[in-house]
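**Q** Contents of input-v7.pdb (PDB, C-alpha atoms):
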ATOM      1  CA  LEU A   1       1.195  -0.111  -5.082  1.00  0.00           C
ATOM      2  CA  HIS A   2       4.961  -0.426  -4.688  1.00  0.00           C
ATOM      3  CA  GLN A   3       5.193  -3.378  -7.049  1.00  0.00           C
ATOM      4  CA  ARG A   4       2.850  -1.746  -9.546  1.00  0.00           C
ATOM      5  CA  ALA A   5       5.129   1.307  -9.504  1.00  0.00           C
ATOM      6  CA  GLY A   6       8.070  -0.881 -10.518  1.00  0.00           C
ATOM      7  CA  MET A   7       9.556  -2.082  -7.239  1.00  0.00           C
ATOM      8  CA  PRO A   8      10.724  -5.710  -7.341  1.00  0.00           C
ATOM      9  CA  ARG A   9       8.658  -8.006  -5.134  1.00  0.00           C
ATOM     10  CA  ASP A  10      11.647  -9.034  -3.026  1.00  0.00           C
ATOM     11  CA  ALA A  11      12.278  -5.367  -2.127  1.00  0.00           C
ATOM     12  CA  VAL A  12       8.874  -4.948  -0.433  1.00  0.00           C
ATOM     13  CA  SER A  13       7.839  -6.475   2.905  1.00  0.00           C
ATOM     14  CA  GLU A  14       4.059  -6.837   2.897  1.00  0.00           C
ATOM     15  CA  LEU A  15       3.638  -7.230   6.644  1.00  0.00           C
ATOM     16  CA  HIS A  16      -0.135  -7.556   6.512  1.00  0.00           C
ATOM     17  CA  GLY A  17      -0.305  -9.407   3.226  1.00  0.00           C
ATOM     18  CA  SER A  18      -1.948  -8.417  -0.035  1.00  0.00           C
ATOM     19  CA  VAL A  19      -5.415  -8.849  -1.521  1.00  0.00           C
ATOM     20  CA  PHE A  20      -3.809  -9.537  -4.906  1.00  0.00           C
ATOM     21  CA  ARG A  21      -2.195 -12.821  -3.902  1.00  0.00           C
ATOM     22  CA  GLU A  22      -3.536 -16.244  -2.965  1.00  0.00           C
ATOM     23  CA  VAL A  23      -1.580 -19.338  -2.035  1.00  0.00           C
ATOM     24  CA  CYS A  24      -1.929 -23.096  -2.064  1.00  0.00           C
ATOM     25  CA  ARG A  25      -1.148 -24.513   1.377  1.00  0.00           C
ATOM     26  CA  ASN A  26      -0.613 -28.076   0.181  1.00  0.00           C
ATOM     27  CA  ASP A  27       3.051 -28.839   0.938  1.00  0.00           C
ATOM     28  CA  ALA A  28       2.925 -31.733  -1.526  1.00  0.00           C
ATOM     29  CA  CYS A  29       1.748 -29.521  -4.383  1.00  0.00           C
ATOM     30  CA  PRO A  30       3.849 -30.083  -7.546  1.00  0.00           C
ATOM     31  CA  MET A  31       4.272 -26.302  -7.920  1.00  0.00           C
ATOM     32  CA  GLY A  32       7.003 -26.375  -5.268  1.00  0.00           C
ATOM     33  CA  PRO A  33       7.889 -26.889  -1.600  1.00  0.00           C
ATOM     34  CA  THR A  34       7.635 -23.264  -0.406  1.00  0.00           C
ATOM     35  CA  PRO A  35       4.603 -20.938  -0.198  1.00  0.00           C
ATOM     36  CA  SER A  36       6.235 -18.541  -2.666  1.00  0.00           C
ATOM     37  CA  ASP A  37       6.380 -21.390  -5.202  1.00  0.00           C
ATOM     38  CA  ARG A  38       2.656 -21.939  -4.749  1.00  0.00           C
ATOM     39  CA  THR A  39       1.559 -18.291  -4.881  1.00  0.00           C
ATOM     40  CA  PHE A  40      -0.810 -16.946  -7.533  1.00  0.00           C
ATOM     41  CA  HIS A  41      -0.564 -13.214  -8.328  1.00  0.00           C
ATOM     42  CA  ARG A  42      -3.907 -11.783  -9.432  1.00  0.00           C
ATOM     43  CA  ALA A  43      -5.170  -8.592 -11.078  1.00  0.00           C
ATOM     44  CA  PHE A  44      -8.251  -8.597  -8.817  1.00  0.00           C
ATOM     45  CA  ASP A  45      -9.059  -8.628  -5.117  1.00  0.00           C
ATOM     46  CA  VAL A  46      -8.951 -12.303  -4.162  1.00  0.00           C
ATOM     47  CA  THR A  47     -11.015 -11.639  -1.011  1.00  0.00           C
ATOM     48  CA  SER A  48     -13.984 -10.193  -2.910  1.00  0.00           C
ATOM     49  CA  THR A  49     -15.587 -13.580  -3.598  1.00  0.00           C
ATOM     50  CA  LYS A  50     -14.717 -15.492  -0.427  1.00  0.00           C
ATOM     51  CA  PRO A  51     -17.548 -17.927   0.384  1.00  0.00           C
ATOM     52  CA  HIS A  52     -16.665 -18.642   4.012  1.00  0.00           C
ATOM     53  CA  ASN A  53     -16.269 -16.934   7.367  1.00  0.00           C
ATOM     54  CA  GLY A  54     -15.082 -18.192  10.738  1.00  0.00           C
ATOM     55  CA  ARG A  55     -12.392 -20.853  10.627  1.00  0.00           C
ATOM     56  CA  HIS A  56     -12.566 -20.931   6.812  1.00  0.00           C
ATOM     57  CA  ARG A  57     -12.268 -17.165   6.410  1.00  0.00           C
ATOM     58  CA  HIS A  58      -9.048 -17.330   4.365  1.00  0.00           C
ATOM     59  CA  ARG A  59     -10.396 -19.637   1.667  1.00  0.00           C
ATOM     60  CA  THR A  60     -11.014 -17.671  -1.534  1.00  0.00           C
ATOM     61  CA  GLY A  61     -13.273 -20.186  -3.269  1.00  0.00           C
ATOM     62  CA  ARG A  62     -10.751 -20.995  -6.012  1.00  0.00           C
ATOM     63  CA  ARG A  63      -8.549 -24.074  -6.366  1.00  0.00           C
ATOM     64  CA  CYS A  64      -4.910 -24.635  -7.228  1.00  0.00           C
ATOM     65  CA  ASP A  65      -4.287 -25.355 -10.904  1.00  0.00           C
ATOM     66  CA  ALA A  66      -1.632 -27.944 -10.045  1.00  0.00           C
ATOM     67  CA  CYS A  67      -3.117 -30.014  -7.229  1.00  0.00           C
ATOM     68  CA  GLY A  68      -6.734 -28.907  -6.891  1.00  0.00           C
ATOM     69  CA  GLY A  69      -6.267 -27.808  -3.291  1.00  0.00           C
ATOM     70  CA  ASP A  70      -8.086 -24.826  -1.772  1.00  0.00           C
ATOM     71  CA  LEU A  71      -6.459 -21.447  -2.349  1.00  0.00           C
ATOM     72  CA  HIS A  72      -6.180 -19.059   0.599  1.00  0.00           C
ATOM     73  CA  ASP A  73      -5.674 -15.312   0.819  1.00  0.00           C
ATOM     74  CA  VAL A  74      -2.531 -14.037   2.531  1.00  0.00           C
ATOM     75  CA  VAL A  75      -4.128 -11.133   4.406  1.00  0.00           C
ATOM     76  CA  THR A  76      -3.218 -10.922   8.095  1.00  0.00           C
ATOM     77  CA  GLN A  77      -6.408 -10.259  10.056  1.00  0.00           C
ATOM     78  CA  PHE A  78      -6.533  -8.541  13.452  1.00  0.00           C
ATOM     79  CA  GLY A  79      -5.390 -10.947  16.135  1.00  0.00           C
ATOM     80  CA  GLU A  80      -3.400 -13.103  13.713  1.00  0.00           C
ATOM     81  CA  ARG A  81       0.352 -13.529  13.764  1.00  0.00           C
ATOM     82  CA  LEU A  82       2.494 -11.849  11.128  1.00  0.00           C
ATOM     83  CA  ASP A  83       4.560 -14.029   8.846  1.00  0.00           C
ATOM     84  CA  ASP A  84       7.852 -14.589  10.688  1.00  0.00           C
ATOM     85  CA  GLU A  85      10.127 -14.338   7.649  1.00  0.00           C
ATOM     86  CA  THR A  86       8.429 -11.191   6.360  1.00  0.00           C
ATOM     87  CA  LEU A  87       8.738  -9.507   9.757  1.00  0.00           C
ATOM     88  CA  LYS A  88      12.391 -10.574  10.037  1.00  0.00           C
ATOM     89  CA  THR A  89      13.190  -9.088   6.628  1.00  0.00           C
ATOM     90  CA  ALA A  90      11.348  -5.833   7.439  1.00  0.00           C
ATOM     91  CA  THR A  91      13.130  -5.514  10.779  1.00  0.00           C
ATOM     92  CA  ALA A  92      16.553  -5.975   9.194  1.00  0.00           C
ATOM     93  CA  ALA A  93      15.750  -3.402   6.499  1.00  0.00           C
ATOM     94  CA  SER A  94      14.586  -0.901   9.120  1.00  0.00           C
ATOM     95  CA  GLU A  95      17.682  -1.317  11.260  1.00  0.00           C
ATOM     96  CA  ALA A  96      19.947  -0.859   8.234  1.00  0.00           C
ATOM     97  CA  SER A  97      18.172   2.299   7.075  1.00  0.00           C
ATOM     98  CA  PRO A  98      19.553   5.733   8.048  1.00  0.00           C
ATOM     99  CA  LEU A  99      16.097   7.285   7.598  1.00  0.00           C
ATOM    100  CA  ALA A 100      12.491   6.096   7.753  1.00  0.00           C
ATOM    101  CA  LEU A 101       9.920   8.213   5.896  1.00  0.00           C
ATOM    102  CA  VAL A 102       6.456   7.144   7.077  1.00  0.00           C
ATOM    103  CA  CYS A 103       3.594   8.368   4.905  1.00  0.00           C
ATOM    104  CA  GLY A 104      -0.117   8.222   5.666  1.00  0.00           C
ATOM    105  CA  THR A 105      -0.313   5.738   8.534  1.00  0.00           C
ATOM    106  CA  SER A 106      -1.392   6.311  12.124  1.00  0.00           C
ATOM    107  CA  LEU A 107       1.385   4.024  13.435  1.00  0.00           C
ATOM    108  CA  LYS A 108      -0.960   2.518  16.007  1.00  0.00           C
ATOM    109  CA  VAL A 109      -0.696  -1.231  15.385  1.00  0.00           C
ATOM    110  CA  PRO A 110       2.421  -3.106  16.551  1.00  0.00           C
ATOM    111  CA  PRO A 111       4.738  -4.666  15.605  1.00  0.00           C
ATOM    112  CA  ALA A 112       4.627  -2.774  12.289  1.00  0.00           C
ATOM    113  CA  SER A 113       4.354   0.556  14.122  1.00  0.00           C
ATOM    114  CA  THR A 114       7.624  -0.093  15.953  1.00  0.00           C
ATOM    115  CA  LEU A 115       9.774  -0.672  12.863  1.00  0.00           C
ATOM    116  CA  PRO A 116      10.365   2.956  11.736  1.00  0.00           C
ATOM    117  CA  ARG A 117      11.986   3.854  15.059  1.00  0.00           C
ATOM    118  CA  ARG A 118      14.637   1.193  14.436  1.00  0.00           C
ATOM    119  CA  SER A 119      16.034   3.393  11.656  1.00  0.00           C
ATOM    120  CA  GLY A 120      18.552   6.138  12.194  1.00  0.00           C
ATOM    121  CA  ALA A 121      15.921   8.886  12.073  1.00  0.00           C
ATOM    122  CA  LEU A 122      12.137   9.059  11.746  1.00  0.00           C
ATOM    123  CA  VAL A 123      10.156  11.464   9.545  1.00  0.00           C
ATOM    124  CA  VAL A 124       6.355  11.298   9.686  1.00  0.00           C
ATOM    125  CA  CYS A 125       4.115  12.655   6.930  1.00  0.00           C
ATOM    126  CA  ASN A 126       0.465  12.770   7.956  1.00  0.00           C
ATOM    127  CA  LEU A 127      -2.370  15.301   7.982  1.00  0.00           C
ATOM    128  CA  GLN A 128      -3.356  14.038  11.432  1.00  0.00           C
ATOM    129  CA  TRP A 129      -1.647  13.185  14.695  1.00  0.00           C
ATOM    130  CA  THR A 130       0.159   9.830  14.965  1.00  0.00           C
ATOM    131  CA  SER A 131       1.306   7.870  17.998  1.00  0.00           C
ATOM    132  CA  GLN A 132       4.978   8.317  17.027  1.00  0.00           C
ATOM    133  CA  ASP A 133       4.976  12.087  16.401  1.00  0.00           C
ATOM    134  CA  LYS A 134       6.911  12.886  19.562  1.00  0.00           C
ATOM    135  CA  HIS A 135       9.689  10.522  18.498  1.00  0.00           C
ATOM    136  CA  ALA A 136      10.037  11.986  15.001  1.00  0.00           C
ATOM    137  CA  ALA A 137      12.927  14.188  13.951  1.00  0.00           C
ATOM    138  CA  LEU A 138      10.463  15.880  11.593  1.00  0.00           C
ATOM    139  CA  LYS A 139       6.666  15.886  11.309  1.00  0.00           C
ATOM    140  CA  ILE A 140       5.175  17.121   8.015  1.00  0.00           C
ATOM    141  CA  HIS A 141       1.479  18.046   7.936  1.00  0.00           C
ATOM    142  CA  ALA A 142       0.819  17.544   4.224  1.00  0.00           C
ATOM    143  CA  ARG A 143      -0.586  15.163   1.640  1.00  0.00           C
ATOM    144  CA  CYS A 144       1.605  12.163   0.843  1.00  0.00           C
ATOM    145  CA  ASP A 145       1.447  12.824  -2.916  1.00  0.00           C
ATOM    146  CA  ASP A 146       2.726  16.366  -2.439  1.00  0.00           C
ATOM    147  CA  VAL A 147       5.571  15.263  -0.179  1.00  0.00           C
ATOM    148  CA  MET A 148       6.714  12.428  -2.427  1.00  0.00           C
ATOM    149  CA  LEU A 149       6.546  14.613  -5.539  1.00  0.00           C
ATOM    150  CA  ALA A 150       8.720  17.215  -3.810  1.00  0.00           C
ATOM    151  CA  VAL A 151      11.177  14.556  -2.607  1.00  0.00           C
ATOM    152  CA  CYS A 152      11.428  13.079  -6.101  1.00  0.00           C
ATOM    153  CA  GLY A 153      11.928  16.559  -7.527  1.00  0.00           C
ATOM    154  CA  ARG A 154      14.750  17.219  -5.075  1.00  0.00           C
ATOM    155  CA  LEU A 155      16.389  13.918  -6.043  1.00  0.00           C
ATOM    156  CA  GLY A 156      15.955  14.609  -9.743  1.00  0.00           C
ATOM    157  CA  ILE A 157      13.576  11.669 -10.216  1.00  0.00           C
ATOM    158  CA  ASP A 158      10.901  12.200 -12.857  1.00  0.00           C
ATOM    159  CA  VAL A 159       7.410  11.048 -11.885  1.00  0.00           C
ATOM    160  CA  PRO A 160       5.628   9.932 -15.065  1.00  0.00           C
ATOM    161  CA  GLU A 161       1.874  10.044 -15.462  1.00  0.00           C
ATOM    162  CA  TYR A 162       0.232   6.772 -14.528  1.00  0.00           C
ATOM    163  CA  ASP A 163      -0.967   4.752 -17.502  1.00  0.00           C
ATOM    164  CA  PRO A 164      -3.504   2.155 -16.317  1.00  0.00           C
ATOM    165  CA  SER A 165      -3.387   0.371 -19.677  1.00  0.00           C
ATOM    166  CA  GLY A 166       0.090  -0.885 -18.782  1.00  0.00           C
ATOM    167  CA  ASP A 167      -1.015  -2.211 -15.397  1.00  0.00           C
ATOM    168  CA  PRO A 168      -3.299  -5.285 -15.240  1.00  0.00           C
ATOM    169  CA  ILE A 169      -4.945  -4.077 -12.027  1.00  0.00           C
ATOM    170  CA  GLY A 170      -5.401  -0.531 -13.321  1.00  0.00           C
ATOM    171  CA  ALA A 171      -6.758  -1.788 -16.619  1.00  0.00           C
ATOM    172  CA  GLU A 172      -9.367  -3.835 -14.772  1.00  0.00           C
ATOM    173  CA  VAL A 173     -10.380  -0.806 -12.687  1.00  0.00           C
ATOM    174  CA  VAL A 174     -10.861   1.264 -15.842  1.00  0.00           C
ATOM    175  CA  ARG A 175     -12.801  -1.558 -17.498  1.00  0.00           C
ATOM    176  CA  ARG A 176     -15.248  -1.428 -14.595  1.00  0.00           C
ATOM    177  CA  GLY A 177     -15.693   2.324 -14.919  1.00  0.00           C
ATOM    178  CA  GLY A 178     -13.128   3.556 -12.394  1.00  0.00           C
ATOM    179  CA  LYS A 179     -10.865   6.578 -12.839  1.00  0.00           C
ATOM    180  CA  PHE A 180      -7.420   7.559 -11.586  1.00  0.00           C
ATOM    181  CA  ALA A 181      -6.243  11.003 -10.484  1.00  0.00           C
ATOM    182  CA  ASN A 182      -2.956  12.335 -11.809  1.00  0.00           C
ATOM    183  CA  PRO A 183      -0.793  13.354  -8.808  1.00  0.00           C
ATOM    184  CA  ASN A 184       0.873  16.056 -10.910  1.00  0.00           C
ATOM    185  CA  GLU A 185      -2.514  17.774 -11.059  1.00  0.00           C
ATOM    186  CA  THR A 186      -3.191  17.629  -7.327  1.00  0.00           C
ATOM    187  CA  GLY A 187       0.142  18.825  -6.005  1.00  0.00           C
ATOM    188  CA  GLY A 188       3.477  20.243  -7.065  1.00  0.00           C
ATOM    189  CA  ASN A 189       6.394  18.571  -8.721  1.00  0.00           C
ATOM    190  CA  GLY A 190       8.846  21.360  -8.225  1.00  0.00           C
ATOM    191  CA  VAL A 191      12.142  21.034  -6.407  1.00  0.00           C
ATOM    192  CA  ALA A 192      11.911  22.140  -2.783  1.00  0.00           C
ATOM    193  CA  ASP A 193      14.663  24.425  -1.513  1.00  0.00           C
ATOM    194  CA  TRP A 194      15.412  24.367   2.197  1.00  0.00           C
ATOM    195  CA  ASP A 195      14.360  28.030   2.409  1.00  0.00           C
ATOM    196  CA  GLY A 196      10.885  27.043   1.241  1.00  0.00           C
ATOM    197  CA  LYS A 197      11.152  28.234  -2.356  1.00  0.00           C
ATOM    198  CA  ILE A 198      10.200  26.208  -5.406  1.00  0.00           C
ATOM    199  CA  GLU A 199      12.533  25.849  -8.354  1.00  0.00           C
ATOM    200  CA  LYS A 200      10.579  25.529 -11.571  1.00  0.00           C
ATOM    201  CA  THR A 201      10.855  22.148 -13.266  1.00  0.00           C
ATOM    202  CA  PRO A 202      10.421  22.236 -17.053  1.00  0.00           C
ATOM    203  CA  GLY A 203       7.262  20.578 -18.293  1.00  0.00           C
ATOM    204  CA  LYS A 204       5.706  20.238 -14.850  1.00  0.00           C
ATOM    205  CA  ILE A 205       2.751  21.925 -13.201  1.00  0.00           C
ATOM    206  CA  GLU A 206       4.150  24.545 -10.851  1.00  0.00           C
ATOM    207  CA  LYS A 207       1.839  24.604  -7.861  1.00  0.00           C
ATOM    208  CA  THR A 208       3.311  25.097  -4.407  1.00  0.00           C
ATOM    209  CA  PRO A 209       2.446  21.988  -2.376  1.00  0.00           C
ATOM    210  CA  PRO A 210       1.196  22.301   1.236  1.00  0.00           C
ATOM    211  CA  MET A 211       4.413  20.885   2.666  1.00  0.00           C
ATOM    212  CA  ILE A 212       6.254  23.935   1.336  1.00  0.00           C
ATOM    213  CA  ARG A 213       3.503  26.479   1.902  1.00  0.00           C
ATOM    214  CA  ASN A 214       2.815  25.485   5.499  1.00  0.00           C
ATOM    215  CA  ALA A 215       5.235  25.387   8.403  1.00  0.00           C
ATOM    216  CA  ALA A 216       6.137  21.854   9.456  1.00  0.00           C
ATOM    217  CA  ALA A 217       6.395  20.867  13.116  1.00  0.00           C
ATOM    218  CA  VAL A 218       9.811  19.675  14.230  1.00  0.00           C
ATOM    219  CA  TYR A 219       9.691  17.481  17.308  1.00  0.00           C
ATOM    220  CA  GLY A 220      12.700  17.828  19.544  1.00  0.00           C
ATOM    221  CA  GLY A 221      14.871  19.043  16.697  1.00  0.00           C
ATOM    222  CA  GLY A 222      14.788  22.829  16.778  1.00  0.00           C
ATOM    223  CA  GLY A 223      11.306  23.929  17.779  1.00  0.00           C
ATOM    224  CA  GLY A 224       9.397  24.084  14.505  1.00  0.00           C
ATOM    225  CA  VAL A 225       5.775  25.225  14.755  1.00  0.00           C
ATOM    226  CA  ALA A 226       2.845  23.304  13.315  1.00  0.00           C
ATOM    227  CA  ASP A 227       0.391  25.068  11.015  1.00  0.00           C
ATOM    228  CA  GLY A 228      -3.207  24.202  11.792  1.00  0.00           C
ATOM    229  CA  PRO A 229      -5.003  22.158  14.472  1.00  0.00           C
ATOM    230  CA  GLN A 230      -2.888  19.030  14.058  1.00  0.00           C
ATOM    231  CA  GLY A 231       0.227  19.107  16.219  1.00  0.00           C
ATOM    232  CA  THR A 232      -1.114  21.997  18.300  1.00  0.00           C
ATOM    233  CA  PRO A 233       1.339  22.956  21.082  1.00  0.00           C
ATOM    234  CA  ALA A 234       0.243  21.628  24.453  1.00  0.00           C
ATOM    235  CA  LYS A 235      -0.927  24.108  27.064  1.00  0.00           C
ATOM    236  CA  GLY A 236       1.854  25.738  28.997  1.00  0.00           C
ATOM    237  CA  VAL A 237       4.504  24.921  26.413  1.00  0.00           C
ATOM    238  CA  GLU A 238       6.134  27.610  24.313  1.00  0.00           C
ATOM    239  CA  ALA A 239       5.593  26.994  20.612  1.00  0.00           C
ATOM    240  CA  ASN A 240       9.187  27.899  19.766  1.00  0.00           C
ATOM    241  CA  GLY A 241      10.775  25.879  22.539  1.00  0.00           C
ATOM    242  CA  ASP A 242      12.960  22.858  21.862  1.00  0.00           C
ATOM    243  CA  ASP A 243      10.817  20.298  23.629  1.00  0.00           C
ATOM    244  CA  SER A 244      10.144  16.766  22.390  1.00  0.00           C
ATOM    245  CA  GLU A 245       6.775  16.783  24.187  1.00  0.00           C
ATOM    246  CA  ALA A 246       5.659  20.129  22.824  1.00  0.00           C
ATOM    247  CA  TYR A 247       2.845  18.793  20.678  1.00  0.00           C
ATOM    248  CA  ALA A 248      -0.327  17.109  21.818  1.00  0.00           C
ATOM    249  CA  SER A 249      -2.925  15.091  19.990  1.00  0.00           C
ATOM    250  CA  PRO A 250      -5.945  17.319  19.244  1.00  0.00           C
ATOM    251  CA  GLU A 251      -8.195  14.263  19.664  1.00  0.00           C
ATOM    252  CA  THR A 252      -6.902  12.661  22.860  1.00  0.00           C
ATOM    253  CA  GLY A 253      -4.436  15.127  24.346  1.00  0.00           C
ATOM    254  CA  GLU A 254      -1.710  12.482  24.175  1.00  0.00           C
ATOM    255  CA  GLY A 255       1.730  14.004  24.071  1.00  0.00           C
ATOM    256  CA  ARG A 256       1.192  16.271  27.077  1.00  0.00           C
ATOM    257  CA  ARG A 257       3.481  15.838  30.019  1.00  0.00           C
TER     258      ARG A 257
END
Represent the structure contained in this file as structure tokens.
**A**
Amino acid sequence: LHQRAGMPRDAVSELHGSVFREVCRNDACPMGPTPSDRTFHRAFDVTSTKPHNGRHRHRTGRRCDACGGDLHDVVTQFGERLDDETLKTATAASEASPLALVCGTSLKVPPASTLPRRSGALVVCNLQWTSQDKHAALKIHARCDDVMLAVCGRLGIDVPEYDPSGDPIGAEVVRRGGKFANPNETGGNGVADWDGKIEKTPGKIEKTPPMIRNAAAVYGGGGGVADGPQGTPAKGVEANGDDSEAYASPETGEGRR
């Protein structure tokens, strides 16, 4: 999604791989000496037609155009080791970042789940509880689209409507009968003031997103109160107290002292 939105490939660390890439593992392939030289970028899910399981589970069933060798997907399965260089790059980027904004992940699987805390500050956006909530400077119970639209509005970044005809993957989805939702229709694209007001943005749909309408829970940073069952204050803890353990998981109770 990042690359399809315009991010350069070398600016994104795909820790668990991508279903839109397959690689030739033949080091003697004339395409080049490194895996990146021998990578094929596709407009379809390369894992959808895999003929093998077990020890051949990464073979996609296609062959390299240059050497005829088997092509393999680059998806990291559970129990497999992450690519060392990709993890090294992601770790360095995290440590150099003053802020990590984590959207829509439960942050349960290491080592990826440990990277955001290497940044200067952690902000978690999720409708549910995550394992890193108690370490976050701010927890936002809202939809990722709404949060990112508000952030872009605050930064003065226009979010254009997605045109699948200009995206090979999107065009293929449409060709097969799929549809895409316009985020500007599902949330707000106004500019969020710190007092919770919305400044009208010309030409945009002015609908107050949940992140502005609801109170966000601040963990250990001033005693914000969560709105709704997620981030419910643990028993015996004052909701307005400045306590980094003030919120417990509604599913497991984790977060209680």
**Q** On this structure, which residues satisfy the PyMOL selection byres ((chain A and resi 99-109) around 10), written as an mmCIF file with C-alpha atoms, in the frame of the given file?
**A**
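So the final result, stored in expr-v3.cif, reads:
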data_model
loop_
_atom_site.group_PDB
_atom_site.id
_atom_site.type_symbol
_atom_site.label_atom_id
_atom_site.label_comp_id
_atom_site.auth_asym_id
_atom_site.auth_seq_id
_atom_site.Cartn_x
_atom_site.Cartn_y
_atom_site.Cartn_z
ATOM 1 C CA PHE A 78 -6.533 -8.541 13.452
ATOM 2 C CA SER A 94 14.586 -0.901 9.120
ATOM 3 C CA GLU A 95 17.682 -1.317 11.260
ATOM 4 C CA ALA A 96 19.947 -0.859 8.234
ATOM 5 C CA SER A 97 18.172 2.299 7.075
ATOM 6 C CA PRO A 98 19.553 5.733 8.048
ATOM 7 C CA PRO A 110 2.421 -3.106 16.551
ATOM 8 C CA PRO A 111 4.738 -4.666 15.605
ATOM 9 C CA ALA A 112 4.627 -2.774 12.289
ATOM 10 C CA SER A 113 4.354 0.556 14.122
ATOM 11 C CA THR A 114 7.624 -0.093 15.953
ATOM 12 C CA LEU A 115 9.774 -0.672 12.863
ATOM 13 C CA PRO A 116 10.365 2.956 11.736
ATOM 14 C CA ARG A 117 11.986 3.854 15.059
ATOM 15 C CA ARG A 118 14.637 1.193 14.436
ATOM 16 C CA SER A 119 16.034 3.393 11.656
ATOM 17 C CA GLY A 120 18.552 6.138 12.194
ATOM 18 C CA ALA A 121 15.921 8.886 12.073
ATOM 19 C CA LEU A 122 12.137 9.059 11.746
ATOM 20 C CA VAL A 123 10.156 11.464 9.545
ATOM 21 C CA VAL A 124 6.355 11.298 9.686
ATOM 22 C CA CYS A 125 4.115 12.655 6.930
ATOM 23 C CA ASN A 126 0.465 12.770 7.956
ATOM 24 C CA LEU A 127 -2.370 15.301 7.982
ATOM 25 C CA GLN A 128 -3.356 14.038 11.432
ATOM 26 C CA TRP A 129 -1.647 13.185 14.695
ATOM 27 C CA THR A 130 0.159 9.830 14.965
ATOM 28 C CA SER A 131 1.306 7.870 17.998
ATOM 29 C CA GLN A 132 4.978 8.317 17.027
ATOM 30 C CA ASP A 133 4.976 12.087 16.401
ATOM 31 C CA ALA A 136 10.037 11.986 15.001
ATOM 32 C CA ALA A 137 12.927 14.188 13.951
ATOM 33 C CA LEU A 138 10.463 15.880 11.593
ATOM 34 C CA LYS A 139 6.666 15.886 11.309
ATOM 35 C CA ILE A 140 5.175 17.121 8.015
ATOM 36 C CA ALA A 142 0.819 17.544 4.224
ATOM 37 C CA ARG A 143 -0.586 15.163 1.640
ATOM 38 C CA CYS A 144 1.605 12.163 0.843
ATOM 39 C CA ASP A 145 1.447 12.824 -2.916
ATOM 40 C CA VAL A 147 5.571 15.263 -0.179
ATOM 41 C CA MET A 148 6.714 12.428 -2.427
#
**Q** Could you check the closest approach to A:Arg176 for each of A:Asp146, A:Gly6, A:Leu155, A:Phe44 and tell me which residue wins, using all atoms listed in the file?
**A**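 Of A:Asp146, A:Gly6, A:Leu155, A:Phe44, the one nearest A:Arg176, counting all atoms listed in the file, is A:Phe44.
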**Q** Hey, which of A:His58, A:Arg154, A:His41, A:His16 ends up closest to A:Asp83? Count only C-alpha atoms.
**A** A:His16
**Q** Extract, using only C-alpha atoms, all DNA, RNA and protein residues at most 8 Å from A:Gly17, discarding same-chain residues fewer than 3 positions from it, and format them as a VMD selection string.
**A** chain A and resid 14 74 to 76
**Q** Taking only C-alpha atoms into account, name the residue in A:Asp70, A:Asp167, A:Tyr162, A:Ala28 that is nearest to A:Phe180.
**A**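 Going through A:Asp70, A:Asp167, A:Tyr162, A:Ala28 one by one, the smallest distance to A:Phe180 is for A:Tyr162.
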**Q** Compare A:Ala11, A:Val19, A:Ala66, A:Ile169 by their minimum atom-to-atom distance to A:Asp45, counting only C-alpha atoms, and give me the closest one.
**A** A:Val19
**Q** Which residues come within 8 Å of A:Pro35, counting only C-alpha atoms, excluding same-chain residues fewer than 6 positions away, as a ChimeraX atom specification?
**A** /A:23-25
**Q** Could you name the residues that touch A:Gln3 at 8 Å or less, counting all atoms listed in the file, but leaving out those on the same chain fewer than 5 positions away, as an MDAnalysis selection string?
**A** chainID A and resid 8:9 12
**Q** So how many Å separate atom CA of A:Thr60 and atom CA of A:Thr34, to one decimal?
**A** 19.5 Å
**Q** What do you get, as a PyMOL selection string, if you spell out every residue that the PyMOL selection byres ((chain A and resi 164) around 12) selects here?
**A** chain A and resi 4-5+161-163+165-175+178-182
**Q** One number please: atom CA of A:Ala93 to atom CA of A:Arg81, in Å, one decimal.
**A**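 Atom CA of A:Arg81 lies at a distance of 19.8 Å from atom CA of A:Ala93.
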**Q** Using atom CA of A:Lys88 and atom CA of A:Ser36 as the two end points, give the distance in Å to one decimal.
**A** 16.2 Å
